[in-house]
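Colleague: Pasting in a structure now, in structure tokens, and then I'll have a few things to ask.
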There are 2 protein chains.
Amino acid sequence: MAAAAHLFNQRGYDATSMRDIAREAGMLAGSMYYHFPSKDDLIIATYEEGTRLISEAVLEAINGVTDPWERLDRAAAAHMETLFGGNNFSILLCGDISRTAPALRIRLVEIRDSYDELFNSLIEALPLPDDVDPTLLRLSLLGSLNWSSSWYRPGGQTPEQIGSFFVRLLRDGLKDKS
Amino acid sequence: MAAAAHLFNQRGYDATSMRDIAREAGMLAGSMYYHFPSKDDLIIATYEEGTRLISEAVLEAINGVTDPWERLDRAAAAHMETLFGGNNFSILLCGDISRTAPALRIRLVEIRDSYDELFNSLIEALPLPDDVDPTLLRLSLLGSLNWSSSWYRPGGQTPEQIGSFFVRLLRDGLKDKS
DNA sequence: TTTTCCCCCAAACAAACGTTTATTGCAGTG
DNA sequence: CACTGCAATAAACGTTTGTTTGGGGGAAAA
């Protein structure tokens, strides 16, 4: 599964063959069918592991914190740290689900929705103006965070700083106050 | 090219075969090699057409507008409207570039960067606090906007409304002012 | 020692892939 | 009439794909 996650990240699902994964895992392609009944099942398993890991990290980060904005801030920072912290599973969540085969997509969307629910509850807890749709707010934040997988490179700001920054943007706004 | 863009959107690059595209265009697979030297070249051509169309739409939307925030608002609305307005080319820009083969990726990143530059100039024109990195701000906004391709379905708010809303979030913020 | 069970290998399968090749109407032009 | 270039067909190329099959080795249980 580690080999699969690594290659899925590097080249995507379609461009990664069972033989590629098997080679990196030190076995032959056919041997994998002892552990997983199909390639789709292997994909789903890595995707599930990714959401498990990131859910764990976020839940731990907000544990004991009570202020709603502070909770969202910690959650975003932990989200980003997990994405780029070296674990090859979680960042699969940033992959392009909408263009995979329908049968597989349905399963993956299901899994991702279960994680999004976590952010949903964090946002519902915020004291928001009446004319702000919490769902759109969540999608905006998750978009900012997850889109980072297409541009983030180590060296500049840390993932946590970036996550916190995005939350601060939403909370404080940018209109010139001078 | 229209057939290619349609199928690329529906199933992604790898899962779309030259035979699929040819069938939708009313010819045979080999016939396409008269018009495009390779599949990669066809991909690049559709991607380029997508950025051309969306650039045009955004430039026209901000034409004559002078207030910097108003310009960004119109740009975001036009961006979203073009993505979901029925043209099958522009939404390819929301695709997952980072996991395509390196040779192709380099070309696509180049093209997308040329479009991002447009938003860059819009953001540089804003009156921003000193501690806000304009680059991160642009990536946050483009993340919110482009991530919409993974969840947007017609029926709720229009694409323009969503784009404007995301800009308003950044400008005004959400901190409770009561 | 014999049996069982887990894990993997080796080889093959049909199908699908991007691409190449030779050929064919078909339009216009001198 | 002959010739030229365009745009497509039909068929095949070699390779790669996900998956299946039958078998074997080695450790643990009987």
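Identifiers in the structure tokens: chain A, B, ... in order shown; residue index from 1 per chain; ligand index from 1 in order shown.
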Considering only C-alpha atoms (C1' of nucleotides), return as JSON, numbers by chain whatever protein or nucleic-acid residues lie within 12 Å of DG28 of chain C, sequence-local ones (same chain, fewer than 4 positions apart) excluded.

Modeller: {"D": [3, 4, 5, 6]}

Colleague: Quick one: superpose chain B onto chain A using all C-alpha atoms paired in order, least squares, and give it to me as a short mmCIF file (atom, residue, chain, number, x, y, z; two decimals) with N, CA and C atoms, in the first residue's frame.

Modeller:
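This went into out.cif:
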```cif
data_model
loop_
_atom_site.label_atom_id
_atom_site.label_comp_id
_atom_site.auth_asym_id
_atom_site.auth_seq_id
_atom_site.Cartn_x
_atom_site.Cartn_y
_atom_site.Cartn_z
N MET B 1 0.84 -1.22 0.01
CA MET B 1 0.02 -0.02 0.02
C MET B 1 0.87 1.24 0.00
N ALA B 2 2.00 1.20 0.72
CA ALA B 2 2.89 2.37 0.71
C ALA B 2 3.45 2.61 -0.69
N ALA B 3 3.84 1.51 -1.35
CA ALA B 3 4.35 1.65 -2.71
C ALA B 3 3.27 2.20 -3.63
N ALA B 4 2.06 1.70 -3.47
CA ALA B 4 0.95 2.16 -4.31
C ALA B 4 0.69 3.65 -4.10
N ALA B 5 0.62 4.06 -2.85
CA ALA B 5 0.35 5.47 -2.56
C ALA B 5 1.44 6.36 -3.15
N HIS B 6 2.68 5.91 -3.02
CA HIS B 6 3.78 6.69 -3.55
C HIS B 6 3.65 6.91 -5.05
N LEU B 7 3.36 5.82 -5.77
CA LEU B 7 3.27 5.93 -7.22
C LEU B 7 1.99 6.64 -7.67
N PHE B 8 0.89 6.41 -6.97
CA PHE B 8 -0.36 7.11 -7.30
C PHE B 8 -0.14 8.62 -7.21
N ASN B 9 0.60 9.05 -6.21
CA ASN B 9 0.88 10.48 -6.07
C ASN B 9 1.74 11.01 -7.20
N GLN B 10 2.70 10.19 -7.59
CA GLN B 10 3.67 10.66 -8.56
C GLN B 10 3.08 10.73 -9.96
N ARG B 11 2.32 9.68 -10.34
CA ARG B 11 1.86 9.61 -11.73
C ARG B 11 0.35 9.53 -11.90
N GLY B 12 -0.39 9.41 -10.83
CA GLY B 12 -1.84 9.26 -10.95
C GLY B 12 -2.23 7.79 -11.04
N TYR B 13 -3.51 7.54 -10.90
CA TYR B 13 -4.00 6.16 -10.87
C TYR B 13 -3.79 5.43 -12.19
N ASP B 14 -4.24 6.04 -13.27
CA ASP B 14 -4.22 5.35 -14.55
C ASP B 14 -2.81 5.06 -15.04
N ALA B 15 -1.92 5.99 -14.78
CA ALA B 15 -0.56 5.84 -15.31
C ALA B 15 0.30 4.94 -14.43
N THR B 16 -0.25 4.47 -13.34
CA THR B 16 0.48 3.54 -12.48
C THR B 16 -0.05 2.13 -12.70
N SER B 17 0.82 1.25 -13.19
CA SER B 17 0.38 -0.12 -13.46
C SER B 17 0.60 -1.00 -12.24
N MET B 18 -0.11 -2.09 -12.22
CA MET B 18 0.09 -3.06 -11.14
C MET B 18 1.53 -3.55 -11.13
N ARG B 19 2.14 -3.63 -12.30
CA ARG B 19 3.53 -4.06 -12.37
C ARG B 19 4.46 -3.05 -11.71
N ASP B 20 4.17 -1.76 -11.92
CA ASP B 20 4.98 -0.72 -11.27
C ASP B 20 4.92 -0.86 -9.75
N ILE B 21 3.71 -0.99 -9.25
CA ILE B 21 3.53 -1.09 -7.80
C ILE B 21 4.24 -2.34 -7.27
N ALA B 22 4.05 -3.44 -7.99
CA ALA B 22 4.64 -4.70 -7.54
C ALA B 22 6.17 -4.59 -7.50
N ARG B 23 6.75 -3.97 -8.51
CA ARG B 23 8.20 -3.85 -8.54
C ARG B 23 8.70 -3.09 -7.32
N GLU B 24 8.02 -1.96 -7.01
CA GLU B 24 8.44 -1.16 -5.86
C GLU B 24 8.23 -1.91 -4.54
N ALA B 25 7.27 -2.82 -4.53
CA ALA B 25 7.01 -3.57 -3.30
C ALA B 25 7.84 -4.85 -3.25
N GLY B 26 8.62 -5.10 -4.30
CA GLY B 26 9.48 -6.27 -4.30
C GLY B 26 8.77 -7.56 -4.61
N MET B 27 7.78 -7.50 -5.46
CA MET B 27 7.14 -8.76 -5.89
C MET B 27 6.65 -8.66 -7.33
N LEU B 28 5.90 -9.65 -7.75
CA LEU B 28 5.38 -9.63 -9.12
C LEU B 28 3.91 -9.21 -9.13
N ALA B 29 3.49 -8.77 -10.31
CA ALA B 29 2.15 -8.18 -10.43
C ALA B 29 1.06 -9.10 -9.91
N GLY B 30 1.10 -10.34 -10.33
CA GLY B 30 0.04 -11.26 -9.94
C GLY B 30 -0.04 -11.49 -8.44
N SER B 31 1.08 -11.34 -7.78
CA SER B 31 1.12 -11.60 -6.33
C SER B 31 0.20 -10.67 -5.55
N MET B 32 -0.08 -9.52 -6.12
CA MET B 32 -0.87 -8.55 -5.36
C MET B 32 -2.33 -8.98 -5.27
N TYR B 33 -2.72 -9.87 -6.17
CA TYR B 33 -4.13 -10.27 -6.17
C TYR B 33 -4.44 -11.24 -5.05
N TYR B 34 -3.39 -11.61 -4.33
CA TYR B 34 -3.65 -12.36 -3.10
C TYR B 34 -4.15 -11.41 -2.01
N HIS B 35 -3.67 -10.16 -2.05
CA HIS B 35 -3.99 -9.19 -0.99
C HIS B 35 -5.17 -8.29 -1.36
N PHE B 36 -5.31 -7.97 -2.65
CA PHE B 36 -6.40 -7.09 -3.08
C PHE B 36 -7.08 -7.69 -4.29
N PRO B 37 -8.38 -7.78 -4.28
CA PRO B 37 -9.10 -8.44 -5.38
C PRO B 37 -9.01 -7.70 -6.70
N SER B 38 -8.71 -6.40 -6.68
CA SER B 38 -8.61 -5.66 -7.94
C SER B 38 -7.83 -4.37 -7.71
N LYS B 39 -7.47 -3.74 -8.81
CA LYS B 39 -6.74 -2.48 -8.69
C LYS B 39 -7.62 -1.42 -8.02
N ASP B 40 -8.89 -1.39 -8.37
CA ASP B 40 -9.79 -0.43 -7.75
C ASP B 40 -9.81 -0.59 -6.23
N ASP B 41 -9.83 -1.83 -5.78
CA ASP B 41 -9.85 -2.05 -4.33
C ASP B 41 -8.57 -1.54 -3.68
N LEU B 42 -7.46 -1.67 -4.38
CA LEU B 42 -6.21 -1.14 -3.85
C LEU B 42 -6.25 0.38 -3.77
N ILE B 43 -6.80 0.99 -4.82
CA ILE B 43 -6.94 2.44 -4.82
C ILE B 43 -7.80 2.90 -3.65
N ILE B 44 -8.92 2.24 -3.48
CA ILE B 44 -9.83 2.61 -2.40
C ILE B 44 -9.15 2.46 -1.04
N ALA B 45 -8.38 1.38 -0.89
CA ALA B 45 -7.72 1.15 0.39
C ALA B 45 -6.72 2.26 0.72
N THR B 46 -5.94 2.69 -0.28
CA THR B 46 -4.98 3.76 -0.02
C THR B 46 -5.70 5.07 0.28
N TYR B 47 -6.78 5.31 -0.44
CA TYR B 47 -7.55 6.54 -0.24
C TYR B 47 -8.15 6.58 1.16
N GLU B 48 -8.64 5.44 1.60
CA GLU B 48 -9.21 5.35 2.95
C GLU B 48 -8.14 5.59 4.01
N GLU B 49 -7.00 4.99 3.80
CA GLU B 49 -5.91 5.19 4.75
C GLU B 49 -5.53 6.67 4.82
N GLY B 50 -5.56 7.35 3.68
CA GLY B 50 -5.25 8.78 3.65
C GLY B 50 -6.23 9.59 4.49
N THR B 51 -7.51 9.32 4.36
CA THR B 51 -8.49 10.09 5.16
C THR B 51 -8.38 9.72 6.64
N ARG B 52 -8.06 8.47 6.91
CA ARG B 52 -7.91 8.06 8.31
C ARG B 52 -6.78 8.86 8.97
N LEU B 53 -5.65 8.93 8.29
CA LEU B 53 -4.50 9.62 8.86
C LEU B 53 -4.76 11.11 9.06
N ILE B 54 -5.39 11.75 8.06
CA ILE B 54 -5.57 13.19 8.17
C ILE B 54 -6.67 13.52 9.17
N SER B 55 -7.68 12.68 9.24
CA SER B 55 -8.73 12.88 10.25
C SER B 55 -8.12 12.82 11.65
N GLU B 56 -7.32 11.81 11.88
CA GLU B 56 -6.65 11.65 13.17
C GLU B 56 -5.85 12.89 13.54
N ALA B 57 -5.06 13.37 12.57
CA ALA B 57 -4.19 14.52 12.83
C ALA B 57 -5.00 15.76 13.16
N VAL B 58 -6.07 15.99 12.41
CA VAL B 58 -6.88 17.19 12.64
C VAL B 58 -7.61 17.10 13.98
N LEU B 59 -8.15 15.95 14.27
CA LEU B 59 -8.87 15.79 15.54
C LEU B 59 -7.93 16.02 16.73
N GLU B 60 -6.72 15.53 16.58
CA GLU B 60 -5.78 15.71 17.68
C GLU B 60 -5.40 17.19 17.83
N ALA B 61 -5.32 17.88 16.69
CA ALA B 61 -4.90 19.29 16.72
C ALA B 61 -5.93 20.19 17.39
N ILE B 62 -7.20 19.85 17.26
CA ILE B 62 -8.24 20.72 17.83
C ILE B 62 -8.68 20.24 19.20
N ASN B 63 -8.12 19.15 19.64
CA ASN B 63 -8.52 18.58 20.94
C ASN B 63 -8.21 19.56 22.07
N GLY B 64 -9.23 19.91 22.83
CA GLY B 64 -9.04 20.79 23.97
C GLY B 64 -9.15 22.27 23.66
N VAL B 65 -9.16 22.62 22.36
CA VAL B 65 -9.29 24.03 21.97
C VAL B 65 -10.77 24.37 21.92
N THR B 66 -11.14 25.53 22.45
CA THR B 66 -12.58 25.84 22.52
C THR B 66 -12.99 26.98 21.59
N ASP B 67 -12.14 27.99 21.40
CA ASP B 67 -12.54 29.10 20.55
C ASP B 67 -12.74 28.62 19.11
N PRO B 68 -13.90 28.92 18.51
CA PRO B 68 -14.22 28.38 17.18
C PRO B 68 -13.23 28.77 16.10
N TRP B 69 -12.80 30.02 16.07
CA TRP B 69 -11.83 30.44 15.05
C TRP B 69 -10.48 29.79 15.29
N GLU B 70 -10.12 29.66 16.56
CA GLU B 70 -8.86 29.00 16.89
C GLU B 70 -8.91 27.53 16.46
N ARG B 71 -10.06 26.91 16.63
CA ARG B 71 -10.20 25.50 16.22
C ARG B 71 -10.03 25.36 14.71
N LEU B 72 -10.65 26.27 13.96
CA LEU B 72 -10.52 26.20 12.50
C LEU B 72 -9.07 26.44 12.08
N ASP B 73 -8.43 27.37 12.74
CA ASP B 73 -7.04 27.68 12.44
C ASP B 73 -6.15 26.45 12.66
N ARG B 74 -6.31 25.82 13.79
CA ARG B 74 -5.50 24.62 14.08
C ARG B 74 -5.81 23.50 13.10
N ALA B 75 -7.07 23.37 12.76
CA ALA B 75 -7.47 22.31 11.82
C ALA B 75 -6.82 22.51 10.46
N ALA B 76 -6.84 23.76 9.97
CA ALA B 76 -6.25 24.04 8.66
C ALA B 76 -4.76 23.78 8.68
N ALA B 77 -4.10 24.19 9.79
CA ALA B 77 -2.66 23.97 9.89
C ALA B 77 -2.34 22.49 9.92
N ALA B 78 -3.10 21.74 10.68
CA ALA B 78 -2.86 20.29 10.76
C ALA B 78 -3.16 19.61 9.43
N HIS B 79 -4.19 20.08 8.76
CA HIS B 79 -4.53 19.56 7.43
C HIS B 79 -3.34 19.70 6.49
N MET B 80 -2.79 20.89 6.43
CA MET B 80 -1.66 21.14 5.54
C MET B 80 -0.43 20.37 5.96
N GLU B 81 -0.18 20.33 7.25
CA GLU B 81 1.01 19.63 7.72
C GLU B 81 0.94 18.15 7.35
N THR B 82 -0.25 17.59 7.46
CA THR B 82 -0.40 16.16 7.12
C THR B 82 -0.24 15.94 5.62
N LEU B 83 -0.80 16.85 4.83
CA LEU B 83 -0.69 16.71 3.37
C LEU B 83 0.76 16.62 2.92
N PHE B 84 1.60 17.49 3.50
CA PHE B 84 2.97 17.58 2.99
C PHE B 84 4.00 17.05 3.98
N GLY B 85 3.54 16.37 5.00
CA GLY B 85 4.44 15.90 6.04
C GLY B 85 5.15 14.60 5.72
N GLY B 86 5.06 14.13 4.51
CA GLY B 86 5.81 12.94 4.15
C GLY B 86 4.96 11.69 4.02
N ASN B 87 3.80 11.68 4.64
CA ASN B 87 2.90 10.54 4.45
C ASN B 87 2.32 10.61 3.05
N ASN B 88 2.41 9.52 2.34
CA ASN B 88 2.02 9.52 0.93
C ASN B 88 0.54 9.24 0.70
N PHE B 89 -0.19 9.00 1.78
CA PHE B 89 -1.59 8.62 1.62
C PHE B 89 -2.52 9.82 1.58
N SER B 90 -2.35 10.72 2.55
CA SER B 90 -3.34 11.78 2.71
C SER B 90 -3.45 12.69 1.50
N ILE B 91 -2.34 12.93 0.83
CA ILE B 91 -2.38 13.88 -0.27
C ILE B 91 -3.15 13.34 -1.45
N LEU B 92 -3.45 12.06 -1.43
CA LEU B 92 -4.32 11.50 -2.47
C LEU B 92 -5.69 12.17 -2.45
N LEU B 93 -6.07 12.72 -1.31
CA LEU B 93 -7.37 13.39 -1.19
C LEU B 93 -7.45 14.61 -2.09
N CYS B 94 -6.31 15.17 -2.48
CA CYS B 94 -6.31 16.34 -3.35
C CYS B 94 -6.40 15.94 -4.82
N GLY B 95 -6.46 14.65 -5.09
CA GLY B 95 -6.50 14.18 -6.46
C GLY B 95 -7.81 14.53 -7.16
N ASP B 96 -7.78 14.42 -8.46
CA ASP B 96 -8.92 14.82 -9.27
C ASP B 96 -9.91 13.66 -9.37
N ILE B 97 -10.84 13.64 -8.45
CA ILE B 97 -11.81 12.55 -8.40
C ILE B 97 -12.83 12.62 -9.53
N SER B 98 -13.17 13.84 -9.92
CA SER B 98 -14.33 14.01 -10.79
C SER B 98 -14.13 13.40 -12.17
N ARG B 99 -12.92 13.01 -12.50
CA ARG B 99 -12.69 12.44 -13.83
C ARG B 99 -12.30 10.97 -13.79
N THR B 100 -12.55 10.31 -12.68
CA THR B 100 -12.29 8.86 -12.64
C THR B 100 -13.56 8.11 -13.03
N ALA B 101 -13.40 6.84 -13.30
CA ALA B 101 -14.54 6.03 -13.73
C ALA B 101 -15.65 6.06 -12.67
N PRO B 102 -16.90 6.14 -13.11
CA PRO B 102 -18.04 6.33 -12.20
C PRO B 102 -18.07 5.35 -11.03
N ALA B 103 -17.85 4.07 -11.30
CA ALA B 103 -17.93 3.07 -10.23
C ALA B 103 -16.94 3.38 -9.12
N LEU B 104 -15.73 3.73 -9.52
CA LEU B 104 -14.71 4.06 -8.53
C LEU B 104 -14.99 5.41 -7.89
N ARG B 105 -15.42 6.36 -8.71
CA ARG B 105 -15.64 7.72 -8.20
C ARG B 105 -16.63 7.74 -7.05
N ILE B 106 -17.71 6.99 -7.21
CA ILE B 106 -18.74 6.97 -6.18
C ILE B 106 -18.17 6.58 -4.83
N ARG B 107 -17.31 5.57 -4.83
CA ARG B 107 -16.71 5.13 -3.58
C ARG B 107 -15.79 6.20 -3.00
N LEU B 108 -14.99 6.83 -3.85
CA LEU B 108 -14.03 7.83 -3.37
C LEU B 108 -14.73 9.07 -2.84
N VAL B 109 -15.77 9.50 -3.56
CA VAL B 109 -16.51 10.68 -3.10
C VAL B 109 -17.10 10.43 -1.71
N GLU B 110 -17.62 9.24 -1.55
CA GLU B 110 -18.17 8.84 -0.26
C GLU B 110 -17.14 9.02 0.86
N ILE B 111 -15.94 8.53 0.59
CA ILE B 111 -14.88 8.59 1.61
C ILE B 111 -14.49 10.04 1.89
N ARG B 112 -14.34 10.82 0.81
CA ARG B 112 -13.92 12.20 1.01
C ARG B 112 -14.99 13.01 1.75
N ASP B 113 -16.24 12.73 1.44
CA ASP B 113 -17.32 13.45 2.12
C ASP B 113 -17.27 13.23 3.62
N SER B 114 -16.88 12.02 4.00
CA SER B 114 -16.85 11.74 5.43
C SER B 114 -15.80 12.60 6.13
N TYR B 115 -14.74 12.94 5.40
CA TYR B 115 -13.74 13.83 5.98
C TYR B 115 -14.20 15.29 5.96
N ASP B 116 -14.81 15.69 4.85
CA ASP B 116 -15.29 17.06 4.74
C ASP B 116 -16.27 17.40 5.86
N GLU B 117 -16.96 16.39 6.32
CA GLU B 117 -17.94 16.59 7.39
C GLU B 117 -17.28 17.18 8.63
N LEU B 118 -16.04 16.81 8.83
CA LEU B 118 -15.28 17.34 9.97
C LEU B 118 -15.16 18.86 9.88
N PHE B 119 -14.79 19.35 8.70
CA PHE B 119 -14.67 20.79 8.50
C PHE B 119 -16.04 21.46 8.56
N ASN B 120 -17.02 20.74 8.11
CA ASN B 120 -18.38 21.26 8.16
C ASN B 120 -18.75 21.64 9.59
N SER B 121 -18.48 20.76 10.52
CA SER B 121 -18.87 21.02 11.90
C SER B 121 -18.06 22.17 12.49
N LEU B 122 -16.81 22.28 12.08
CA LEU B 122 -15.98 23.39 12.57
C LEU B 122 -16.53 24.73 12.10
N ILE B 123 -17.05 24.75 10.88
CA ILE B 123 -17.54 26.00 10.31
C ILE B 123 -18.92 26.35 10.83
N GLU B 124 -19.72 25.33 11.08
CA GLU B 124 -21.05 25.59 11.65
C GLU B 124 -20.93 26.26 13.02
N ALA B 125 -19.81 26.02 13.69
CA ALA B 125 -19.64 26.56 15.04
C ALA B 125 -19.21 28.03 15.05
N LEU B 126 -18.86 28.56 13.87
CA LEU B 126 -18.40 29.96 13.81
C LEU B 126 -19.57 30.92 13.96
N PRO B 127 -19.31 32.10 14.55
CA PRO B 127 -20.35 33.14 14.60
C PRO B 127 -20.36 33.90 13.29
N LEU B 128 -21.22 33.50 12.37
CA LEU B 128 -21.19 34.06 11.02
C LEU B 128 -22.31 35.05 10.76
N PRO B 129 -22.05 36.04 9.89
CA PRO B 129 -23.15 36.90 9.42
C PRO B 129 -24.23 36.06 8.76
N ASP B 130 -25.45 36.57 8.76
CA ASP B 130 -26.58 35.77 8.25
C ASP B 130 -26.49 35.49 6.76
N ASP B 131 -25.85 36.39 6.03
CA ASP B 131 -25.87 36.24 4.57
C ASP B 131 -24.69 35.41 4.06
N VAL B 132 -24.02 34.67 4.93
CA VAL B 132 -22.90 33.84 4.49
C VAL B 132 -23.29 32.37 4.54
N ASP B 133 -23.22 31.73 3.38
CA ASP B 133 -23.55 30.32 3.28
C ASP B 133 -22.39 29.48 3.82
N PRO B 134 -22.62 28.74 4.91
CA PRO B 134 -21.51 27.97 5.52
C PRO B 134 -20.94 26.93 4.56
N THR B 135 -21.79 26.37 3.72
CA THR B 135 -21.30 25.36 2.78
C THR B 135 -20.31 25.97 1.80
N LEU B 136 -20.67 27.13 1.24
CA LEU B 136 -19.77 27.80 0.30
C LEU B 136 -18.48 28.20 1.00
N LEU B 137 -18.60 28.59 2.25
CA LEU B 137 -17.41 28.97 3.01
C LEU B 137 -16.47 27.79 3.16
N ARG B 138 -17.04 26.63 3.49
CA ARG B 138 -16.21 25.43 3.62
C ARG B 138 -15.55 25.07 2.30
N LEU B 139 -16.30 25.15 1.21
CA LEU B 139 -15.74 24.80 -0.09
C LEU B 139 -14.64 25.78 -0.49
N SER B 140 -14.81 27.04 -0.11
CA SER B 140 -13.77 28.02 -0.42
C SER B 140 -12.48 27.68 0.32
N LEU B 141 -12.60 27.39 1.61
CA LEU B 141 -11.41 27.09 2.40
C LEU B 141 -10.75 25.80 1.94
N LEU B 142 -11.54 24.74 1.77
CA LEU B 142 -10.97 23.47 1.34
C LEU B 142 -10.36 23.60 -0.06
N GLY B 143 -10.95 24.46 -0.89
CA GLY B 143 -10.37 24.71 -2.20
C GLY B 143 -8.99 25.34 -2.08
N SER B 144 -8.89 26.38 -1.27
CA SER B 144 -7.60 27.03 -1.06
C SER B 144 -6.57 26.03 -0.54
N LEU B 145 -6.97 25.25 0.45
CA LEU B 145 -6.04 24.31 1.07
C LEU B 145 -5.62 23.21 0.10
N ASN B 146 -6.59 22.58 -0.54
CA ASN B 146 -6.28 21.41 -1.35
C ASN B 146 -5.60 21.77 -2.67
N TRP B 147 -5.94 22.94 -3.20
CA TRP B 147 -5.30 23.38 -4.44
C TRP B 147 -3.79 23.51 -4.26
N SER B 148 -3.37 23.65 -3.01
CA SER B 148 -1.94 23.81 -2.73
C SER B 148 -1.13 22.62 -3.23
N SER B 149 -1.78 21.47 -3.39
CA SER B 149 -1.04 20.31 -3.86
C SER B 149 -0.53 20.52 -5.27
N SER B 150 -1.07 21.51 -5.97
CA SER B 150 -0.62 21.73 -7.34
C SER B 150 0.49 22.78 -7.42
N TRP B 151 0.81 23.41 -6.30
CA TRP B 151 1.88 24.42 -6.37
C TRP B 151 2.87 24.35 -5.23
N TYR B 152 2.52 23.70 -4.14
CA TYR B 152 3.42 23.74 -2.97
C TYR B 152 4.75 23.04 -3.24
N ARG B 153 5.83 23.72 -2.86
CA ARG B 153 7.16 23.13 -2.87
C ARG B 153 7.83 23.51 -1.56
N PRO B 154 8.55 22.60 -0.94
CA PRO B 154 9.22 22.93 0.33
C PRO B 154 10.21 24.07 0.13
N GLY B 155 10.45 24.83 1.18
CA GLY B 155 11.45 25.88 1.10
C GLY B 155 10.92 27.22 1.54
N GLY B 156 9.69 27.55 1.15
CA GLY B 156 9.13 28.84 1.55
C GLY B 156 8.47 28.74 2.91
N GLN B 157 7.24 29.21 2.99
CA GLN B 157 6.52 29.11 4.25
C GLN B 157 6.18 27.64 4.52
N THR B 158 6.08 27.31 5.79
CA THR B 158 5.72 25.93 6.13
C THR B 158 4.24 25.70 5.82
N PRO B 159 3.87 24.45 5.63
CA PRO B 159 2.46 24.14 5.38
C PRO B 159 1.54 24.68 6.47
N GLU B 160 1.97 24.59 7.73
CA GLU B 160 1.12 25.12 8.81
C GLU B 160 0.90 26.62 8.64
N GLN B 161 1.98 27.34 8.31
CA GLN B 161 1.84 28.79 8.15
C GLN B 161 0.86 29.12 7.03
N ILE B 162 0.94 28.34 5.95
CA ILE B 162 0.04 28.59 4.83
C ILE B 162 -1.41 28.34 5.22
N GLY B 163 -1.65 27.23 5.92
CA GLY B 163 -3.01 26.91 6.36
C GLY B 163 -3.56 28.00 7.27
N SER B 164 -2.76 28.42 8.23
CA SER B 164 -3.20 29.48 9.13
C SER B 164 -3.47 30.78 8.39
N PHE B 165 -2.63 31.06 7.42
CA PHE B 165 -2.80 32.29 6.65
C PHE B 165 -4.13 32.31 5.91
N PHE B 166 -4.50 31.17 5.32
CA PHE B 166 -5.76 31.12 4.58
C PHE B 166 -6.95 31.33 5.52
N VAL B 167 -6.86 30.80 6.72
CA VAL B 167 -7.95 31.01 7.68
C VAL B 167 -7.99 32.48 8.11
N ARG B 168 -6.83 33.06 8.29
CA ARG B 168 -6.79 34.46 8.71
C ARG B 168 -7.40 35.36 7.64
N LEU B 169 -7.11 35.03 6.37
CA LEU B 169 -7.71 35.80 5.27
C LEU B 169 -9.22 35.82 5.40
N LEU B 170 -9.80 34.65 5.65
CA LEU B 170 -11.25 34.58 5.74
C LEU B 170 -11.78 35.32 6.96
N ARG B 171 -11.05 35.24 8.04
CA ARG B 171 -11.55 35.84 9.28
C ARG B 171 -11.45 37.36 9.24
N ASP B 172 -10.30 37.87 8.84
CA ASP B 172 -10.05 39.30 8.97
C ASP B 172 -10.37 40.11 7.72
N GLY B 173 -10.28 39.49 6.55
CA GLY B 173 -10.49 40.25 5.34
C GLY B 173 -9.31 41.14 5.01
N LEU B 174 -9.41 41.88 3.91
CA LEU B 174 -8.26 42.62 3.41
C LEU B 174 -8.55 44.08 3.14
N LYS B 175 -9.80 44.47 3.33
CA LYS B 175 -10.14 45.84 2.97
C LYS B 175 -9.24 46.80 3.73
N ASP B 176 -8.74 47.77 3.01
CA ASP B 176 -7.81 48.72 3.61
C ASP B 176 -8.51 49.47 4.74
N LYS B 177 -7.89 49.41 5.91
CA LYS B 177 -8.52 50.07 7.06
C LYS B 177 -7.79 51.35 7.45
N SER B 178 -6.84 51.78 6.64
CA SER B 178 -6.07 52.97 6.99
C SER B 178 -6.86 54.24 6.70
#
```

Colleague: Expressed in Å to a single decimal, how great is the separation between atom C1' of DT20 of chain C and atom C1' of DC13 of chain D?

Modeller: 7.3 Å

Colleague: State, in Å with one decimal place, the distance from atom C1' of DT16 of chain D to atom C1' of DT23 of chain C.

Modeller: 29.0 Å

Colleague: May I have the residues within 12 Å of DT4 of chain C as a ChimeraX atom specification, using only C-alpha atoms (C1' of nucleotides) and disregarding those fewer than 5 positions away in the same chain?

Modeller: /D:26-30

Colleague: List every residue of chain B that DSSP, applied to the backbone, labels as helix (DSSP H, G or I), and write the result as a ChimeraX atom specification.

Modeller: /B:2-11,18-25,29-34,39-62,68-84,90-94,97-99,102-124,134-150,159-172

Colleague: Could you write out as a ChimeraX atom specification the residues of chain D within 10 Å of chain A, counting only C-alpha atoms (C1' of nucleotides)?

Modeller: /D:16-20

Colleague: Taking only C-alpha atoms (C1' of nucleotides) into account and nothing else, which residues of chain C lie no more than 12 Å away from chain A? Please answer as a list of chain:residue names.

Modeller: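 Output check: C:DC6, C:DC7, C:DC8, C:DC9, C:DA10, C:DA11, C:DA12.
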